[in-house]
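Q: Shown below is the structure under consideration.
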Amino acid sequence: MIKGIDDPGLRAIFTGEALPGFVDPNNVSEKVDDEEHGDDDAQQIAAPVASGSYDALVAARLRRRAEDGRERIICQRCYTLQHYGRVDHPWKEDIVTDPRALNFLRYKANLMVVMVCDIFDIPGSLIPHLGQFIGERHPVVLVANKTDMLPKDFHEERVKMWMRRFTKDLDLNIKAIHLVSSRKNIGVRRLAADILEHRQPGQDIYMVGRANVGKSELINALLRISIGGSAHSVLGSHIPGTTMGLSGIPLRHFIKALVPVEGARPQDRHTNLYDTPGVFSNKSIVAFLNNQELKMALCSKRITPFSYILGLGKTVLLGGLARIDLLEGPSRVYITIFSSVRPHFTNMLRADELARDMESGKPTILKPPVGDSERLQMFPKHKVAVEHSFEGLHSRHATIDIALAGIGWVAVTGMFPHAKIRVHTPHGTGACIRPPLMPFEYEKISPHSSVDRKMPK
């Protein structure tokens, strides 16, 4: 294991060509050859390479290259992610699923935690009882990322108040909540100022959270607003598990963002900001998707919510990922869909037929999943995830959200004494009922012609 290299993939594994992070030992001396030290220095590293004890020399040479501002050496896995946005093996092989992987933070005395979650996947992107794993005494700044996916007119303070409802069972010492978009640098300067205010001298900073919430991209956003920080950016992608190991960046590279312009304090000379591997949730619907299907299901741009009429006995399907039935209640309710997966409306009998077709490998209009007959047959069967009875409280405000972990949510609006819905998902996981995040959005009208569409007055 080589330590101190800026590419977590290189640190991950150096033995076995079939494994991620592989680097051919025969090419190490050539790749880390340093022109300013000449052939003699290259010969010094060649001998340790031949004997298999080249770790320290490779690490030192790669650090020197980074400090000199030259191109970094990255592993094949990171190169493929960076240039092609994919991995050449199933992405689930690289993920961490047990939050106990963060237990080492409990035993550290002086640190600050930045917990990152996905505003589009609450509560799915929160780690329940996280304080039991990382310790309850550490100061925590909670960051809701990807706010650029929300409608432009969302109310920031209302969203923050809504998020505080979900922080009670985290067992954390939360100092502040921030809404940011690391991709578009929205709210990042305010976050940096707050971290600088709450952080004590000598404290390391650890980014923790679920997989694919944008921890690495948030680090890059902080580097972009730092003086000369962009040269030390880390790799991020839409594929969960991109960060394979603990990756540290000295805080001196965050001048102006996390370190005062006049320079680091003496206590901060050896402090770092660490990017930790994301803890993947097996309850997420995206756990069942391959690389191609991930691109179809995950939001990549701002969502425009549209409202539809869902009649009694009718069904709305979000691809093959979720199905919502209106079992009991009024003749119709209004639903507002916040997802990039296109909805399909039908009756429950037809929805059962589509499910049977997909299970038998026949192609359907429900996408994702996509692929041949074998892929469709392998896709998990739908099971009931939630059955929920509720009262409609307002004719123009949403009463509940049906949260679909990883792909968005559906808000239900209407005034009625009783209604009952049933939600189906793959293996019956990844769906829950929550208070509405954006209760006033139902007036948006779908541009698609449909008898089930909510028509303007």
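Residues are named by chain letter and number: chains run A, B, ... in the order of the structure tokens, numbers start at 1 in each chain, and ligands are numbered from 1 in the order shown.
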So which residues of segment 207-344 of chain A fall under strand (DSSP E) by DSSP, listed as a PyMOL selection string?

A: chain A and resi 207-209+247-250+272-275+306-311+314-318+322-328+332-338+343-344

Q: Report as a ChimeraX atom specification: the residues of segment 111-340 of chain A with a DSSP assignment of alpha helix (DSSP H), based on the backbone of this structure.

A: /A:131-134,156-164,188-198,215-224,291-297

Q: Any idea what's packed within 8 Å of segment 309-320 of chain A, counting only C-alpha atoms, ignoring anything in its chain fewer than 6 positions away? Could you give it as a short mmCIF file (atom, residue, chain, number, x, y, z; two decimals) with N, CA and C atoms, in the first residue's frame?

A:
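Written output follows (out_34.cif):
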data_model
loop_
_atom_site.label_atom_id
_atom_site.label_comp_id
_atom_site.auth_asym_id
_atom_site.auth_seq_id
_atom_site.Cartn_x
_atom_site.Cartn_y
_atom_site.Cartn_z
N LEU A 326 -53.52 4.73 -6.30
CA LEU A 326 -54.52 5.36 -5.44
C LEU A 326 -55.62 4.32 -5.18
N LEU A 327 -55.59 3.74 -3.99
CA LEU A 327 -56.48 2.63 -3.66
C LEU A 327 -57.84 3.09 -3.16
N GLU A 328 -57.85 4.11 -2.31
CA GLU A 328 -59.08 4.58 -1.69
C GLU A 328 -59.04 6.10 -1.64
N GLY A 329 -60.22 6.71 -1.51
CA GLY A 329 -60.27 8.15 -1.34
C GLY A 329 -61.19 8.83 -2.33
N PRO A 330 -60.91 10.09 -2.64
CA PRO A 330 -61.75 10.85 -3.57
C PRO A 330 -61.58 10.34 -5.00
N SER A 331 -62.38 10.88 -5.89
CA SER A 331 -62.31 10.45 -7.29
C SER A 331 -60.98 10.82 -7.93
N ARG A 332 -60.29 11.80 -7.40
CA ARG A 332 -58.99 12.18 -7.93
C ARG A 332 -58.22 12.99 -6.89
N VAL A 333 -56.89 12.92 -6.99
CA VAL A 333 -56.01 13.76 -6.19
C VAL A 333 -55.00 14.36 -7.17
N TYR A 334 -54.33 15.42 -6.74
CA TYR A 334 -53.27 16.02 -7.55
C TYR A 334 -51.92 15.52 -7.06
N ILE A 335 -51.06 15.15 -7.97
CA ILE A 335 -49.70 14.76 -7.61
C ILE A 335 -48.72 15.63 -8.39
N VAL A 341 -37.15 11.01 -14.12
CA VAL A 341 -37.70 9.81 -14.76
C VAL A 341 -39.11 10.15 -15.24
N ARG A 342 -39.40 9.90 -16.52
CA ARG A 342 -40.67 10.29 -17.10
C ARG A 342 -41.80 9.42 -16.56
N PRO A 343 -42.93 10.02 -16.15
CA PRO A 343 -44.04 9.24 -15.60
C PRO A 343 -44.91 8.62 -16.70
N HIS A 344 -45.56 7.54 -16.33
CA HIS A 344 -46.53 6.88 -17.22
C HIS A 344 -47.78 6.58 -16.41
N PHE A 345 -48.94 7.01 -16.89
CA PHE A 345 -50.20 6.83 -16.18
C PHE A 345 -51.00 5.70 -16.84
N THR A 346 -51.60 4.88 -16.00
CA THR A 346 -52.43 3.79 -16.50
C THR A 346 -53.32 3.31 -15.36
N ASN A 347 -54.07 2.23 -15.61
CA ASN A 347 -54.85 1.64 -14.52
C ASN A 347 -54.05 0.51 -13.88
N MET A 348 -54.54 0.02 -12.75
CA MET A 348 -53.77 -0.96 -11.99
C MET A 348 -53.63 -2.29 -12.71
N ALA A 351 -50.90 -1.89 -15.20
CA ALA A 351 -49.62 -1.83 -14.49
C ALA A 351 -49.15 -3.23 -14.10
N ILE A 365 -42.45 0.00 -22.11
CA ILE A 365 -42.22 1.45 -22.16
C ILE A 365 -41.59 1.97 -20.87
N LEU A 366 -41.41 1.11 -19.90
CA LEU A 366 -40.88 1.53 -18.60
C LEU A 366 -39.37 1.50 -18.63
N LYS A 367 -38.76 2.68 -18.61
CA LYS A 367 -37.30 2.79 -18.64
C LYS A 367 -36.86 3.86 -17.65
N PRO A 368 -35.80 3.60 -16.87
CA PRO A 368 -35.09 2.34 -16.73
C PRO A 368 -35.92 1.28 -16.02
N PRO A 369 -35.51 -0.01 -16.12
CA PRO A 369 -34.25 -0.54 -16.64
C PRO A 369 -34.24 -0.61 -18.17
N ASP A 452 -54.89 12.60 -17.87
CA ASP A 452 -54.71 12.67 -16.42
C ASP A 452 -54.02 13.96 -15.99
N ARG A 453 -53.75 14.83 -16.95
CA ARG A 453 -53.02 16.05 -16.62
C ARG A 453 -53.93 17.05 -15.91
N LYS A 454 -53.36 17.77 -14.95
CA LYS A 454 -54.13 18.84 -14.32
C LYS A 454 -54.24 19.99 -15.30
#

Q: Looking at A:Arg158, A:Arg422, A:Lys108, A:Arg183, which one is nearest to Ser300 of chain A, with distances taken over only C-alpha atoms?

A: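 Looking only at the distances to Ser300 of chain A, the closest residue turns out to be A:Arg183.
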
Q: One decimal, Å: what's the distance from atom CA of Tyr308 of chain A over to atom CA of Ser389 of chain A, could you say?

A: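 Going from atom CA of Tyr308 of chain A over to atom CA of Ser389 of chain A, I get 20.0 Å.
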
Q: Tell me which of A:Ala257, A:Leu142, A:Leu349, A:Met163 sits closest to Arg189 of chain A, counting only C-alpha atoms.

A: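 Closest candidate: A:Ala257.
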
Q: For each of A:Ile324, A:Leu105, A:Ile122, A:Leu289, take the minimum atom-to-atom distance to Arg375 of chain A, counting only C-alpha atoms, then give the residue where this is smallest.

A: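 Nearest to Arg375 of chain A: A:Leu289.
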
Q: Can you list, as a ChimeraX atom specification, every protein, DNA or RNA residue that comes within 6 Å of Val384 of chain A when you count only C-alpha atoms, leaving out same-chain residues fewer than 6 positions away?

A: /A:423-424,428

Q: Find the distance between atom CA of Leu251 of chain A and atom CA of Leu273 of chain A and write it in Å to one decimal.

A: 6.1 Å
